[in-house]
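**Q** This is the structure, below, for whatever I ask next.
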Amino acid sequence: MALVCAICNEVPDQPVVSPLSGAVFERRLLEKYIAENGTDPITNKELTLDQLIDLKVPAVAKPKPPSATSIPAILKALQDEWDAVMLHSFTLRQQLQTARQELSHALYQHDAATRVIARLNKEVTAAREALATLKPQAGIAPAAPAGPTIAATAEAGGAADVPSEGAGLTEEVVARLQDTATILTQERKRRGRTVPEGLTPAEQIRGFTTLASHPGLHSASVPGILALDVHQKDTSKIVTGGSDKNATVFNKDTEQVVAILKGHTKKVSCVVYHPTEDTVITASPDTQIRVWNVGTSQTLQLIRAHDGPVTGLSLHATGDYLLSASRDHNWAFSDIRTGRVLCKVSDTSASSPLTAAQFHPDGLILGTGTQDATIKIWDLKERSNVANFPGHSGAISSIAFSENGYYLATAAEDSTVRLWDLRKLKNFRTIQLDEGYEVMDLSFDQSGTYLAVAGTDVRVYLCKQWNDLRVFNDHTAMATGVRFGSNASYLASTSMDRTLKIYGP
């Protein structure tokens, strides 16, 4: 409720009430009236200052008197406001410039710290690799029996003697190779042409899609996976060889890295997973062949069979012997249990480096591919060249025998995959790929029903009809390896894009 002075009709600054009339007055006006008249202004009865009653009310905020009452005054007010805005804007620009300088300095410090961390990580990686190399040399005892042996096992920096051609291929070894071949041949005859139970049908393979992609198995600083193999007994386990000088054992079901095998001084270009044991064999351009225990990630045997980069590995059906090929023009036959090089054979009829090697399923013959586009078939027992398959026009990149032992698939740097009949010793089919297509790896499934090709893309062919069932273009770089899982239940491929991809229904 507003209080209004009964004399001036305005809100009083110091309101008082006359007890005679009950009216509200401004104290200063009422005091002047009483001094002149001595009475109440309303009732005209006698009134003294002592009788006045003060009112306790909040102070009244009076409106400011108008200042911009003319156009010049309004313009001056606007000018003052503009000046204030410009000064504030200038201050903000100064603060922004200071913030930019501080941010630039912080980013420079961050970049410098990142470079230091990267250099330290590289030094740590190099130190670990050096330590992994020294461990097998310093603490692994060879598994050879007592007595004088010619060994190329893990030695403390010394060079092992390489035996002369055929020095270790004893009658006992030859008899074992023959017995194994006889057993495998009989088993193959019993199976006949029946399709293995549980084999994935062709229609299902046509519907394969990418189930998983794993880019973190190898170092990103030196990208690229160069080799691949799958454990035949437990096909959830996969081994890959990378440009980062390491081999990685990976479980596709748990999606976990089982082991990282460090020891090579150059990239790992060939890998083989033992079909019945948790053992991996790797090879590299550093001329070394290493046999690893996956459980301990340690080298069991260090085989020095070659003087040049190793380009091919193949495990014999016995699971005890290894075939290796090299750019030193030799192929070698070694014992993985003792590390002994049982024989080392050089092709005296040609001077071209070997680029691929593979055992026949029976294990008594083997195939090698050369830089000058020739496929050679060798008798292991006699260590002699028994057949040659010319026809390619580029360096041989991969060879693969079918499970029935009748067919040989070969690929070269001429954009073709050739199929050879080993009974008739002739080329019965040539798969002409697109111009410029590169083939890096070939692989039959365990039944010999399907053939997988890895290179510019990944393809699966149905054998006998030799038509492509499925083409995968998921890799962003060259595919370098391909393998089937058990009963062709899945397909795995690796690539220079640093990924392992799994395909399935």
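Residues are referred to by chain and number: the chain letter is A, B, ... according to the order shown in the structure tokens, the number counts from 1 in that chain, and ligands are numbered separately from 1 in the order shown.
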Write out as a PyMOL selection string the residues lying within 10 Å of Val11 of chain A, counting only C-alpha atoms and excluding same-chain residues fewer than 4 positions away.

**A** chain A and resi 2-6+15+24-26+60+62

**Q** Convert the current residue selection to file output with N, CA, C and O atoms, as an mmCIF file, in the first residue's frame.

**A**
```
data_model
loop_
_atom_site.group_PDB
_atom_site.id
_atom_site.type_symbol
_atom_site.label_atom_id
_atom_site.label_comp_id
_atom_site.auth_asym_id
_atom_site.auth_seq_id
_atom_site.Cartn_x
_atom_site.Cartn_y
_atom_site.Cartn_z
ATOM 1 N N ALA A 2 0.642 2.168 -0.932
ATOM 2 C CA ALA A 2 1.442 3.386 -1.051
ATOM 3 C C ALA A 2 0.992 4.419 -0.015
ATOM 4 O O ALA A 2 -0.190 4.602 0.248
ATOM 5 N N LEU A 3 1.988 5.087 0.601
ATOM 6 C CA LEU A 3 1.724 6.160 1.551
ATOM 7 C C LEU A 3 1.891 7.501 0.831
ATOM 8 O O LEU A 3 2.939 7.733 0.221
ATOM 9 N N VAL A 4 0.902 8.350 0.940
ATOM 10 C CA VAL A 4 0.921 9.649 0.253
ATOM 11 C C VAL A 4 0.738 10.755 1.292
ATOM 12 O O VAL A 4 -0.138 10.671 2.168
ATOM 13 N N CYS A 5 1.585 11.755 1.193
ATOM 14 C CA CYS A 5 1.508 12.898 2.117
ATOM 15 C C CYS A 5 0.202 13.675 1.862
ATOM 16 O O CYS A 5 -0.141 13.951 0.712
ATOM 17 N N ALA A 6 -0.509 13.987 2.968
ATOM 18 C CA ALA A 6 -1.798 14.692 2.832
ATOM 19 C C ALA A 6 -1.612 16.137 2.405
ATOM 20 O O ALA A 6 -2.573 16.796 1.978
ATOM 21 N N PRO A 15 7.914 9.446 6.482
ATOM 22 C CA PRO A 15 6.475 9.541 6.789
ATOM 23 C C PRO A 15 6.221 9.556 8.299
ATOM 24 O O PRO A 15 6.869 8.825 9.046
ATOM 25 N N VAL A 24 -1.248 10.806 7.076
ATOM 26 C CA VAL A 24 0.200 10.637 6.874
ATOM 27 C C VAL A 24 0.738 11.930 6.259
ATOM 28 O O VAL A 24 0.129 12.494 5.330
ATOM 29 N N PHE A 25 1.866 12.360 6.784
ATOM 30 C CA PHE A 25 2.482 13.592 6.300
ATOM 31 C C PHE A 25 3.974 13.360 6.093
ATOM 32 O O PHE A 25 4.581 12.458 6.669
ATOM 33 N N GLU A 26 4.558 14.259 5.252
ATOM 34 C CA GLU A 26 6.002 14.363 5.159
ATOM 35 C C GLU A 26 6.475 15.130 6.378
ATOM 36 O O GLU A 26 5.959 16.219 6.672
ATOM 37 N N VAL A 60 11.858 4.172 -0.465
ATOM 38 C CA VAL A 60 11.253 4.169 -1.787
ATOM 39 C C VAL A 60 12.309 4.537 -2.821
ATOM 40 O O VAL A 60 13.036 5.523 -2.669
ATOM 41 N N LYS A 62 13.076 6.039 -6.026
ATOM 42 C CA LYS A 62 12.455 6.986 -6.942
ATOM 43 C C LYS A 62 13.056 6.840 -8.339
ATOM 44 O O LYS A 62 14.229 6.527 -8.485
#
```

**Q** Tell me, as a VMD selection string, which residues lie within 9 Å of segment 194-208 of chain A, counting only C-alpha atoms; anything in the same chain fewer than 6 positions away does not count.

**A** chain A and resid 447 449 to 450 460 462 469 to 471 486 to 491 503 to 505

**Q** So which one's closest to Asp335 of chain A, A:Thr248, A:Leu169, A:Gln94, A:Ala220? Using only C-alpha atoms, please.

**A**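 Using only C-alpha atoms, Asp335 of chain A sits closest to A:Leu169.
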
**Q** Run DSSP on the backbone and tell me which residues of segment 344-478 of chain A come out as strand (DSSP E); list them as a PyMOL selection string.

**A** chain A and resi 344-346+354-359+365-370+375-379+384-389+396-401+407-412+416-421+426-432+439-444+450-455+458-462+467-472

**Q** Near Thr287 of chain A, counting only C-alpha atoms, which residues have an atom at most 6 Å away, once you skip same-chain residues fewer than 4 positions from it, shown as a list of chain:residue names?

**A**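 Listed by chain and then number, they are A:His306, A:Gly308, A:Pro309, A:Val310.
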
**Q** Measuring atom to atom with only C-alpha atoms, identify which of A:Ile375, A:Val17, A:Leu354, A:Ala132 is nearest to Thr410 of chain A.

**A**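 The shortest atom-to-atom distance to Thr410 of chain A comes from A:Ile375.
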